[in-house]
>>> print(open('start_12.txt').read())   # compact mmCIF, C-alpha atoms
# COMPACT_ATOMS: atom_id res chain seq x y z
CA MET C 1 -40.59 -103.75 98.43
CA SER C 2 -38.06 -103.42 95.65
CA ARG C 3 -37.75 -100.11 93.86
CA LYS C 4 -36.05 -100.05 90.45
CA ILE C 5 -34.13 -96.79 90.43
CA SER C 6 -31.11 -96.22 88.26
CA ARG C 7 -27.82 -95.38 89.96
CA ALA C 8 -27.81 -91.91 88.38
CA LEU C 9 -31.34 -91.14 89.56
CA PHE C 10 -30.62 -92.49 93.02
CA ALA C 11 -27.57 -90.25 93.34
CA ALA C 12 -29.54 -87.17 92.31
CA THR C 13 -32.49 -87.85 94.57
CA ALA C 14 -30.27 -88.73 97.50
CA LEU C 15 -28.82 -85.23 97.33
CA ALA C 16 -32.28 -83.68 97.23
CA ALA C 17 -33.44 -85.82 100.10
CA SER C 18 -30.49 -85.40 102.44
CA ALA C 19 -31.16 -86.63 105.99
CA VAL C 20 -34.21 -88.64 104.90
CA MET C 21 -35.25 -91.15 107.54
CA ALA C 22 -35.86 -94.69 106.30
CA PRO C 23 -39.51 -95.60 105.80
CA ALA C 24 -41.02 -98.36 107.86
CA ALA C 25 -40.42 -101.93 106.77
CA GLY C 26 -42.54 -102.75 103.74
CA ALA C 27 -43.39 -99.14 103.00
CA ALA C 28 -42.71 -97.41 99.70
CA SER C 29 -39.55 -95.45 99.04
CA PHE C 30 -39.37 -91.78 99.96
CA ASN C 31 -37.02 -91.03 97.05
CA LEU C 32 -38.06 -88.67 94.30
CA GLU C 33 -39.93 -90.33 91.45
CA GLY C 34 -42.38 -89.30 88.76
CA TRP C 35 -42.33 -86.19 86.61
CA GLY C 36 -39.93 -84.40 88.97
CA THR C 37 -37.17 -86.73 87.72
CA GLN C 38 -37.65 -85.49 84.16
CA CYS C 39 -36.50 -82.31 82.39
CA GLY C 40 -33.06 -82.76 83.98
CA GLY C 41 -34.25 -83.80 87.45
CA THR C 42 -34.88 -81.95 90.71
CA THR C 43 -32.21 -81.58 93.40
CA GLY C 44 -33.18 -78.22 94.97
CA GLY C 45 -30.44 -76.67 97.06
CA ALA C 46 -28.16 -79.71 97.04
CA GLY C 47 -24.53 -78.68 96.64
CA GLY C 48 -25.09 -75.26 98.19
CA GLY C 49 -24.99 -73.94 101.72
CA THR C 50 -27.49 -74.43 104.53
CA VAL C 51 -29.22 -71.83 106.66
CA THR C 52 -31.70 -72.26 109.52
CA VAL C 53 -34.42 -69.61 109.86
CA SER C 54 -37.08 -69.01 112.51
CA ASP C 55 -38.62 -65.63 111.60
CA ALA C 56 -40.42 -64.21 108.57
CA THR C 57 -37.75 -61.71 107.55
CA SER C 58 -34.92 -64.25 107.54
CA PHE C 59 -37.07 -66.77 105.73
CA THR C 60 -38.22 -64.33 103.04
CA ASN C 61 -34.69 -63.09 102.38
CA ALA C 62 -33.31 -66.62 102.07
CA ALA C 63 -36.16 -67.88 99.87
CA LYS C 64 -35.85 -65.09 97.31
CA SER C 65 -32.04 -65.02 97.15
CA THR C 66 -30.27 -66.25 94.03
CA THR C 67 -28.00 -68.54 96.06
CA THR C 68 -28.23 -72.32 95.74
CA GLN C 69 -29.26 -73.16 99.27
CA THR C 70 -31.06 -75.45 101.72
CA ILE C 71 -33.33 -73.46 104.04
CA ARG C 72 -34.23 -75.23 107.28
CA VAL C 73 -37.39 -73.85 108.87
CA SER C 74 -37.57 -73.97 112.66
CA GLY C 75 -40.76 -73.26 114.60
CA THR C 76 -43.70 -71.26 113.26
CA ILE C 77 -43.27 -68.52 110.68
CA SER C 78 -46.20 -66.19 109.98
CA LEU C 79 -46.08 -64.65 106.51
CA SER C 80 -47.94 -61.44 105.70
CA SER C 81 -47.91 -62.02 101.92
CA MET C 82 -47.16 -64.74 99.39
CA THR C 83 -43.42 -65.30 99.55
CA LYS C 84 -41.36 -65.71 96.40
CA VAL C 85 -39.20 -68.84 96.17
CA ALA C 86 -36.25 -68.57 93.78
CA SER C 87 -34.54 -71.33 91.82
CA ASN C 88 -32.21 -73.98 93.29
CA LYS C 89 -33.76 -74.06 96.74
CA THR C 90 -34.67 -76.76 99.20
CA ILE C 91 -37.05 -75.57 101.92
CA ILE C 92 -37.40 -78.21 104.61
CA GLY C 93 -38.88 -78.16 108.09
CA VAL C 94 -36.94 -79.11 111.21
CA GLY C 95 -38.73 -81.91 113.07
CA SER C 96 -42.53 -82.18 112.89
CA GLY C 97 -43.43 -78.72 114.17
CA ALA C 98 -42.09 -76.41 111.45
CA THR C 99 -45.07 -74.38 110.25
CA ILE C 100 -45.90 -71.74 107.65
CA THR C 101 -49.05 -69.76 108.39
CA GLY C 102 -50.79 -66.54 107.33
CA GLN C 103 -49.81 -66.80 103.66
CA GLY C 104 -47.93 -69.28 101.47
CA LEU C 105 -45.09 -69.88 99.05
CA ASN C 106 -45.02 -68.59 95.47
CA VAL C 107 -42.77 -70.65 93.19
CA ALA C 108 -42.93 -68.33 90.19
CA SER C 109 -40.61 -68.33 87.15
CA ALA C 110 -38.26 -70.67 89.01
CA SER C 111 -36.71 -74.09 88.50
CA ASN C 112 -35.26 -76.83 90.67
CA VAL C 113 -37.20 -76.29 93.93
CA VAL C 114 -37.89 -78.77 96.74
CA ILE C 115 -40.47 -78.10 99.50
CA ARG C 116 -40.60 -80.76 102.25
CA ASN C 117 -41.68 -81.51 105.80
CA LEU C 118 -43.66 -78.33 106.49
CA ASN C 119 -47.03 -77.72 108.09
CA PHE C 120 -49.16 -75.20 106.22
CA ARG C 121 -52.29 -73.84 107.83
CA ASN C 122 -54.60 -70.83 107.78
CA TRP C 123 -53.15 -69.42 104.57
CA GLY C 124 -54.90 -66.43 103.01
CA ASP C 125 -54.27 -67.24 99.32
CA ASP C 126 -52.61 -70.53 98.29
CA ALA C 127 -50.37 -72.60 100.55
CA ILE C 128 -48.09 -73.45 97.61
CA ASN C 129 -48.53 -71.79 94.22
CA VAL C 130 -46.40 -72.97 91.28
CA GLN C 131 -46.47 -70.98 88.04
CA TYR C 132 -44.11 -70.65 85.07
CA SER C 133 -41.83 -73.09 86.90
CA THR C 134 -40.23 -76.47 86.21
CA ARG C 135 -38.55 -79.24 88.18
CA VAL C 136 -40.41 -78.91 91.47
CA TRP C 137 -40.83 -81.53 94.21
CA ILE C 138 -43.49 -80.95 96.90
CA ASP C 139 -43.17 -83.74 99.44
CA HIS C 140 -44.18 -84.82 102.95
CA ASN C 141 -46.07 -81.68 103.93
CA THR C 142 -49.22 -81.43 106.07
CA LEU C 143 -51.80 -78.87 104.95
CA SER C 144 -55.10 -77.79 106.51
CA ASN C 145 -57.61 -74.98 106.98
CA GLY C 146 -56.58 -72.61 104.19
CA TYR C 147 -58.51 -70.11 102.09
CA ASP C 148 -57.85 -71.10 98.48
CA GLY C 149 -55.72 -73.85 96.93
CA ALA C 150 -53.51 -76.10 99.03
CA ILE C 151 -51.14 -76.94 96.15
CA ASP C 152 -51.95 -75.20 92.85
CA ILE C 153 -49.85 -75.67 89.70
CA LYS C 154 -50.52 -73.55 86.63
CA ARG C 155 -49.30 -71.30 83.81
CA ALA C 156 -47.03 -73.60 81.78
CA SER C 157 -45.37 -75.22 84.80
CA ASP C 158 -43.93 -78.65 84.06
CA CYS C 159 -42.09 -81.68 85.45
CA VAL C 160 -43.49 -81.57 88.99
CA THR C 161 -43.93 -84.31 91.60
CA VAL C 162 -46.41 -83.94 94.48
CA SER C 163 -45.86 -86.81 96.92
CA TRP C 164 -46.56 -88.01 100.45
CA ASN C 165 -48.55 -84.93 101.50
CA LYS C 166 -51.51 -85.03 103.89
CA VAL C 167 -54.40 -82.60 103.35
CA SER C 168 -57.36 -82.29 105.73
CA SER C 169 -60.07 -79.77 106.72
CA HIS C 170 -59.86 -78.07 103.36
CA ASP C 171 -61.99 -77.44 100.25
CA LYS C 172 -59.92 -76.72 97.10
CA THR C 173 -57.06 -79.14 97.36
CA MET C 174 -54.90 -79.41 94.22
CA LEU C 175 -55.60 -77.45 91.02
CA LEU C 176 -53.64 -78.21 87.86
CA GLY C 177 -54.23 -75.55 85.20
CA HIS C 178 -56.12 -72.43 86.20
CA SER C 179 -58.20 -71.50 83.12
CA ASP C 180 -59.96 -73.09 80.16
CA ASP C 181 -58.59 -70.22 78.04
CA ASN C 182 -54.90 -70.81 78.79
CA GLY C 183 -54.25 -73.59 76.31
CA SER C 184 -51.70 -71.59 74.31
CA GLU C 185 -49.37 -71.68 77.34
CA ASP C 186 -50.41 -74.97 78.91
CA ARG C 187 -50.56 -77.46 76.01
CA GLY C 188 -47.57 -79.78 76.22
CA LYS C 189 -46.90 -78.65 79.81
CA LEU C 190 -48.53 -79.23 83.21
CA ARG C 191 -47.09 -82.76 83.43
CA VAL C 192 -47.33 -83.71 87.09
CA SER C 193 -47.15 -86.89 89.18
CA TYR C 194 -49.31 -87.15 92.31
CA HIS C 195 -48.46 -90.14 94.46
CA HIS C 196 -48.82 -91.35 98.05
CA ASN C 197 -50.86 -88.33 99.11
CA TRP C 198 -53.50 -88.66 101.83
CA PHE C 199 -56.73 -86.76 101.18
CA ASP C 200 -58.45 -86.90 104.55
CA GLY C 201 -62.07 -85.75 104.27
CA THR C 202 -61.24 -82.94 101.86
CA ASN C 203 -63.79 -81.71 99.32
CA GLN C 204 -62.61 -81.31 95.71
CA ARG C 205 -59.65 -81.05 93.26
CA HIS C 206 -57.53 -84.12 93.98
CA PRO C 207 -56.45 -82.94 91.39
CA ARG C 208 -58.66 -81.00 88.95
CA VAL C 209 -56.72 -81.08 85.68
CA ARG C 210 -56.66 -78.94 82.54
CA PHE C 211 -54.44 -79.60 79.48
CA GLY C 212 -51.72 -81.70 81.18
CA ASN C 213 -51.06 -85.04 79.43
CA PRO C 214 -49.96 -87.39 80.81
CA VAL C 215 -50.79 -86.56 84.41
CA HIS C 216 -50.13 -89.52 86.69
CA VAL C 217 -52.24 -90.05 89.82
CA TYR C 218 -51.16 -93.21 91.61
CA ASN C 219 -50.97 -94.86 95.03
CA ASN C 220 -52.92 -92.08 96.77
CA TYR C 221 -55.42 -92.65 99.59
CA TYR C 222 -58.78 -90.88 99.34
CA GLY C 223 -60.58 -91.16 102.67
CA GLY C 224 -64.08 -89.69 102.84
CA VAL C 225 -63.63 -87.15 100.04
CA THR C 226 -66.91 -85.24 100.01
CA SER C 227 -67.33 -83.82 96.48
CA TYR C 228 -65.05 -85.62 94.00
CA GLY C 229 -61.59 -87.09 93.68
CA VAL C 230 -59.98 -86.56 90.25
CA ALA C 231 -61.41 -84.50 87.37
CA SER C 232 -59.97 -84.48 83.83
CA THR C 233 -60.97 -81.51 81.66
CA GLN C 234 -59.90 -79.38 78.69
CA GLU C 235 -57.76 -81.75 76.58
CA ALA C 236 -56.07 -83.31 79.61
CA GLY C 237 -54.96 -86.92 79.87
CA VAL C 238 -54.97 -88.40 83.37
CA LEU C 239 -53.92 -91.91 84.39
CA VAL C 240 -55.60 -92.78 87.70
CA GLU C 241 -53.77 -95.89 88.82
CA CYS C 242 -53.77 -98.13 91.87
CA ASN C 243 -55.31 -95.61 94.27
CA TYR C 244 -57.41 -96.48 97.31
CA PHE C 245 -60.80 -94.74 97.39
CA GLU C 246 -62.81 -95.19 100.59
CA ASN C 247 -66.18 -93.57 101.36
CA THR C 248 -65.77 -91.42 98.25
CA LYS C 249 -68.99 -91.32 96.22
CA ASP C 250 -67.38 -89.76 93.13
CA PRO C 251 -63.77 -91.01 92.85
CA PHE C 252 -63.01 -89.68 89.33
CA HIS C 253 -64.79 -88.17 86.37
CA ARG C 254 -64.41 -86.25 83.13
CA GLY C 255 -65.47 -82.62 82.90
CA GLU C 256 -66.08 -80.24 85.77
CA GLY C 257 -68.14 -77.06 85.98
CA ASP C 258 -67.99 -75.31 82.60
CA SER C 259 -64.83 -77.19 81.55
CA ASP C 260 -65.14 -79.77 78.79
CA PRO C 261 -64.58 -83.46 79.59
CA ALA C 262 -61.18 -84.87 78.66
CA ASN C 263 -59.32 -88.18 78.79
CA LEU C 264 -59.13 -90.31 81.90
CA VAL C 265 -57.92 -93.90 82.17
CA ALA C 266 -58.53 -95.69 85.48
CA ARG C 267 -56.52 -98.81 86.25
CA ASN C 268 -56.54 -101.20 89.23
CA ASN C 269 -58.03 -98.79 91.77
CA VAL C 270 -59.53 -100.04 95.03
CA LEU C 271 -63.08 -98.78 95.60
CA VAL C 272 -64.42 -99.30 99.14
CA ASN C 273 -67.93 -97.95 99.74
CA SER C 274 -67.24 -95.63 96.79
CA GLY C 275 -68.66 -94.94 93.34
CA SER C 276 -67.41 -96.61 90.18
CA GLY C 277 -66.11 -93.43 88.54
CA ASP C 278 -66.29 -92.19 84.95
CA GLN C 279 -63.50 -92.83 82.47
CA GLY C 280 -62.85 -92.72 78.75
CA GLY C 281 -60.41 -91.80 76.00
CA SER C 282 -56.67 -92.44 76.03
CA VAL C 283 -53.66 -90.99 77.82
CA LYS C 284 -50.08 -90.56 76.60
CA SER C 285 -47.56 -93.08 77.88
CA ILE C 286 -45.70 -92.49 81.14
CA PRO C 287 -42.02 -91.77 80.28
CA TYR C 288 -40.38 -92.74 83.58
CA SER C 289 -39.90 -95.98 85.49
CA TYR C 290 -41.92 -96.49 88.65
CA ALA C 291 -43.03 -99.32 90.92
CA LEU C 292 -46.51 -99.53 92.39
CA ASP C 293 -47.37 -100.60 95.90
CA SER C 294 -49.89 -103.38 96.20
CA CYS C 295 -53.16 -101.56 95.56
CA SER C 296 -54.85 -103.15 98.56
CA SER C 297 -52.05 -101.90 100.85
CA VAL C 298 -52.10 -98.27 99.69
CA LYS C 299 -54.29 -97.08 102.58
CA SER C 300 -51.96 -98.40 105.27
CA VAL C 301 -48.79 -97.39 103.42
CA VAL C 302 -49.98 -93.81 102.88
CA GLN C 303 -51.41 -93.37 106.37
CA SER C 304 -48.12 -94.44 107.91
CA GLY C 305 -45.87 -92.46 105.57
CA ALA C 306 -47.62 -89.22 104.53
CA GLY C 307 -47.24 -85.81 106.13
CA VAL C 308 -44.58 -84.20 108.30
CA GLY C 309 -42.22 -85.97 110.66
CA LYS C 310 -41.20 -88.73 108.27
CA VAL C 311 -38.20 -86.92 106.73
CA GLY C 312 -35.80 -84.64 108.53
>>> encode(input="start_12.txt", output="structure tokens")
Amino acid sequence: MSRKISRALFAATALAASAVMAPAAGAASFNLEGWGTQCGGTTGGAGGGTVTVSDATSFTNAAKSTTTQTIRVSGTISLSSMTKVASNKTIIGVGSGATITGQGLNVASASNVVIRNLNFRNWGDDAINVQYSTRVWIDHNTLSNGYDGAIDIKRASDCVTVSWNKVSSHDKTMLLGHSDDNGSEDRGKLRVSYHHNWFDGTNQRHPRVRFGNPVHVYNNYYGGVTSYGVASTQEAGVLVECNYFENTKDPFHRGEGDSDPANLVARNNVLVNSGSGDQGGSVKSIPYSYALDSCSSVKSVVQSGAGVGKVG
């Protein structure tokens, strides 16, 4: 498959994705794309030093430091509280066994952060919480069995890409915008791309969106989602494009709970033993270039490429 990426963008994403293994023949690119390329782009700790950590104290100190840095996580690290992640950081797991458990990562009032190739499980709050932050790339992680959100993005955060993650055995998957009453902060923000994620029997919020417009949900695989796939609420605009929904009764709809219905445009999705979805309204245009996988191949592409162990 051919990917049309400018030389400048390729150079920036290559830095952020140092030591990326090549995807299998015919699979989609693992380079950064989507909203994370906007607002100046996301390179994380590229250009700084590298440190390898294997215990909670070392990890916490490195994550909160003001140094531009790549933090390589080795083995299992058990966190006792949500851990602050400062700006200009890449946090990447070593091999397929690097794991964060107990609590999660708090990307708060930060910019230019990359989180890749980590297992998250049994977290007590959120696995990854992003708030008041911009230029964030959350990629190739495997998440399961947590308490609250797996990947929650809120409070005026902007220019975020969530890609190639696998989520299973979990309820509240990906929240975008935490409150119907937060429009004064969130209008014009919360612009996020969700692509090539594998939702494996999870329940809800894939994502649940408030205010963000345009939010781009494309080339994801929804396998046996039990409550609903995508929900657009509270002035949001969501483009749901070329996803593969299988055994998912409610793939996408407008409105959720007490939140008002908003705009949702569905385009070229594959629906296998799934509902037809609910759409309406219009969505702002997507500002970046991207190439779609063949919609019928999304299931196989995502199953072979999502989660840990595909980048190093």
>>> closest_atom_pairs(input="start_12.txt", of="range 152-209 of chain C", to="range 224-236 of chain C", cutoff="12 Å", atoms="only C-alpha atoms", output="tab-separated table")
residue	atom	partner	partner_atom	distance
C:Val167	CA	C:Val225	CA	10.8
C:Ser168	CA	C:Val225	CA	9.8
C:Ser169	CA	C:Val225	CA	10.6
C:His170	CA	C:Val225	CA	10.4
C:Asp171	CA	C:Ser227	CA	9.1
C:Lys172	CA	C:Ser227	CA	10.3
C:Thr173	CA	C:Gly229	CA	9.9
C:Met174	CA	C:Val230	CA	9.6
C:Leu175	CA	C:Ala231	CA	9.8
C:Leu176	CA	C:Ser232	CA	9.8
C:Gly177	CA	C:Gln234	CA	9.4
C:His178	CA	C:Gln234	CA	10.9
C:Ser179	CA	C:Gln234	CA	9.2
C:Asp180	CA	C:Gln234	CA	6.5
C:Asp181	CA	C:Gln234	CA	9.3
C:Asn182	CA	C:Gln234	CA	9.9
C:Gly183	CA	C:Gln234	CA	8.4
C:Asp186	CA	C:Ala236	CA	10.1
C:Arg187	CA	C:Glu235	CA	8.4
C:Gly188	CA	C:Ala236	CA	9.8
C:Lys189	CA	C:Ala236	CA	10.3
C:Leu190	CA	C:Ala236	CA	9.3
C:Arg191	CA	C:Ala236	CA	9.8
C:Val192	CA	C:Ala236	CA	11.5
C:Tyr194	CA	C:Val230	CA	10.9
C:Trp198	CA	C:Val225	CA	10.4
C:Phe199	CA	C:Val225	CA	7.0
C:Asp200	CA	C:Gly224	CA	6.5
C:Gly201	CA	C:Gly224	CA	4.6
C:Thr202	CA	C:Val225	CA	5.2
C:Asn203	CA	C:Thr226	CA	4.8
C:Gln204	CA	C:Tyr228	CA	5.2
C:Arg205	CA	C:Val230	CA	6.3
C:His206	CA	C:Gly229	CA	5.0
C:Pro207	CA	C:Val230	CA	5.2
C:Arg208	CA	C:Ala231	CA	4.7
C:Val209	CA	C:Ser232	CA	5.1
>>> write_last_selection(input="start_12.txt", atoms="C-alpha atoms", output="PDB file, in the frame of the given file")
ATOM      1  CA  VAL C 167     -54.400 -82.600 103.350  1.00  0.00           C
ATOM      2  CA  SER C 168     -57.360 -82.290 105.730  1.00  0.00           C
ATOM      3  CA  SER C 169     -60.070 -79.770 106.720  1.00  0.00           C
ATOM      4  CA  HIS C 170     -59.860 -78.070 103.360  1.00  0.00           C
ATOM      5  CA  ASP C 171     -61.990 -77.440 100.250  1.00  0.00           C
ATOM      6  CA  LYS C 172     -59.920 -76.720  97.100  1.00  0.00           C
ATOM      7  CA  THR C 173     -57.060 -79.140  97.360  1.00  0.00           C
ATOM      8  CA  MET C 174     -54.900 -79.410  94.220  1.00  0.00           C
ATOM      9  CA  LEU C 175     -55.600 -77.450  91.020  1.00  0.00           C
ATOM     10  CA  LEU C 176     -53.640 -78.210  87.860  1.00  0.00           C
ATOM     11  CA  GLY C 177     -54.230 -75.550  85.200  1.00  0.00           C
ATOM     12  CA  HIS C 178     -56.120 -72.430  86.200  1.00  0.00           C
ATOM     13  CA  SER C 179     -58.200 -71.500  83.120  1.00  0.00           C
ATOM     14  CA  ASP C 180     -59.960 -73.090  80.160  1.00  0.00           C
ATOM     15  CA  ASP C 181     -58.590 -70.220  78.040  1.00  0.00           C
ATOM     16  CA  ASN C 182     -54.900 -70.810  78.790  1.00  0.00           C
ATOM     17  CA  GLY C 183     -54.250 -73.590  76.310  1.00  0.00           C
ATOM     18  CA  ASP C 186     -50.410 -74.970  78.910  1.00  0.00           C
ATOM     19  CA  ARG C 187     -50.560 -77.460  76.010  1.00  0.00           C
ATOM     20  CA  GLY C 188     -47.570 -79.780  76.220  1.00  0.00           C
ATOM     21  CA  LYS C 189     -46.900 -78.650  79.810  1.00  0.00           C
ATOM     22  CA  LEU C 190     -48.530 -79.230  83.210  1.00  0.00           C
ATOM     23  CA  ARG C 191     -47.090 -82.760  83.430  1.00  0.00           C
ATOM     24  CA  VAL C 192     -47.330 -83.710  87.090  1.00  0.00           C
ATOM     25  CA  TYR C 194     -49.310 -87.150  92.310  1.00  0.00           C
ATOM     26  CA  TRP C 198     -53.500 -88.660 101.830  1.00  0.00           C
ATOM     27  CA  PHE C 199     -56.730 -86.760 101.180  1.00  0.00           C
ATOM     28  CA  ASP C 200     -58.450 -86.900 104.550  1.00  0.00           C
ATOM     29  CA  GLY C 201     -62.070 -85.750 104.270  1.00  0.00           C
ATOM     30  CA  THR C 202     -61.240 -82.940 101.860  1.00  0.00           C
ATOM     31  CA  ASN C 203     -63.790 -81.710  99.320  1.00  0.00           C
ATOM     32  CA  GLN C 204     -62.610 -81.310  95.710  1.00  0.00           C
ATOM     33  CA  ARG C 205     -59.650 -81.050  93.260  1.00  0.00           C
ATOM     34  CA  HIS C 206     -57.530 -84.120  93.980  1.00  0.00           C
ATOM     35  CA  PRO C 207     -56.450 -82.940  91.390  1.00  0.00           C
ATOM     36  CA  ARG C 208     -58.660 -81.000  88.950  1.00  0.00           C
ATOM     37  CA  VAL C 209     -56.720 -81.080  85.680  1.00  0.00           C
TER      38      VAL C 209
END
>>> closest_residue(input="start_12.txt", among="C:Ser65, C:Asn119, C:Asn219, C:Ser81", to="Ser163 in chain C", atoms="only C-alpha atoms")
C:Asn219
>>> atom_distance(input="start_12.txt", atom1="CA of Leu105 in chain C", atom2="CA of Asn141 in chain C")
12.8 Å
>>> residues_near_point(input="start_12.txt", point="(-39.0, -67.7, 100.0)", cutoff="6 Å", atoms="only C-alpha atoms", output="ChimeraX atom specification")
/C:60,63-64,83-85
>>> closest_atom_pairs(input="start_12.txt", of="range 50-156 of chain C", to="range 35-44 of chain C", cutoff="7 Å", atoms="only C-alpha atoms", output="CSV")
residue,atom,partner,partner_atom,distance
C:Asn88,CA,C:Gly44,CA,4.7
C:Lys89,CA,C:Gly44,CA,4.6
C:Thr90,CA,C:Gly44,CA,4.7
C:Asn112,CA,C:Gly44,CA,5.0
C:Val113,CA,C:Gly44,CA,4.6
C:Val114,CA,C:Gly44,CA,5.1
C:Arg135,CA,C:Thr42,CA,5.2
C:Val136,CA,C:Gly36,CA,6.1
C:Trp137,CA,C:Gly36,CA,6.0
>>> atom_distance(input="start_12.txt", atom1="CA of Gly305 in chain C", atom2="CA of Lys166 in chain C")
9.5 Å
>>> atom_distance(input="start_12.txt", atom1="CA of Ser74 in chain C", atom2="CA of Trp164 in chain C")
20.7 Å
>>> closest_residue(input="start_12.txt", among="C:Gly281, C:Gly223, C:Gly93, C:Gly75", to="Leu239 in chain C", atoms="all atoms listed in the file")
C:Gly281
>>> closest_residue(input="start_12.txt", among="C:Gly257, C:Gly277, C:Gly97, C:Pro251", to="Tyr221 in chain C", atoms="only C-alpha atoms")
C:Pro251
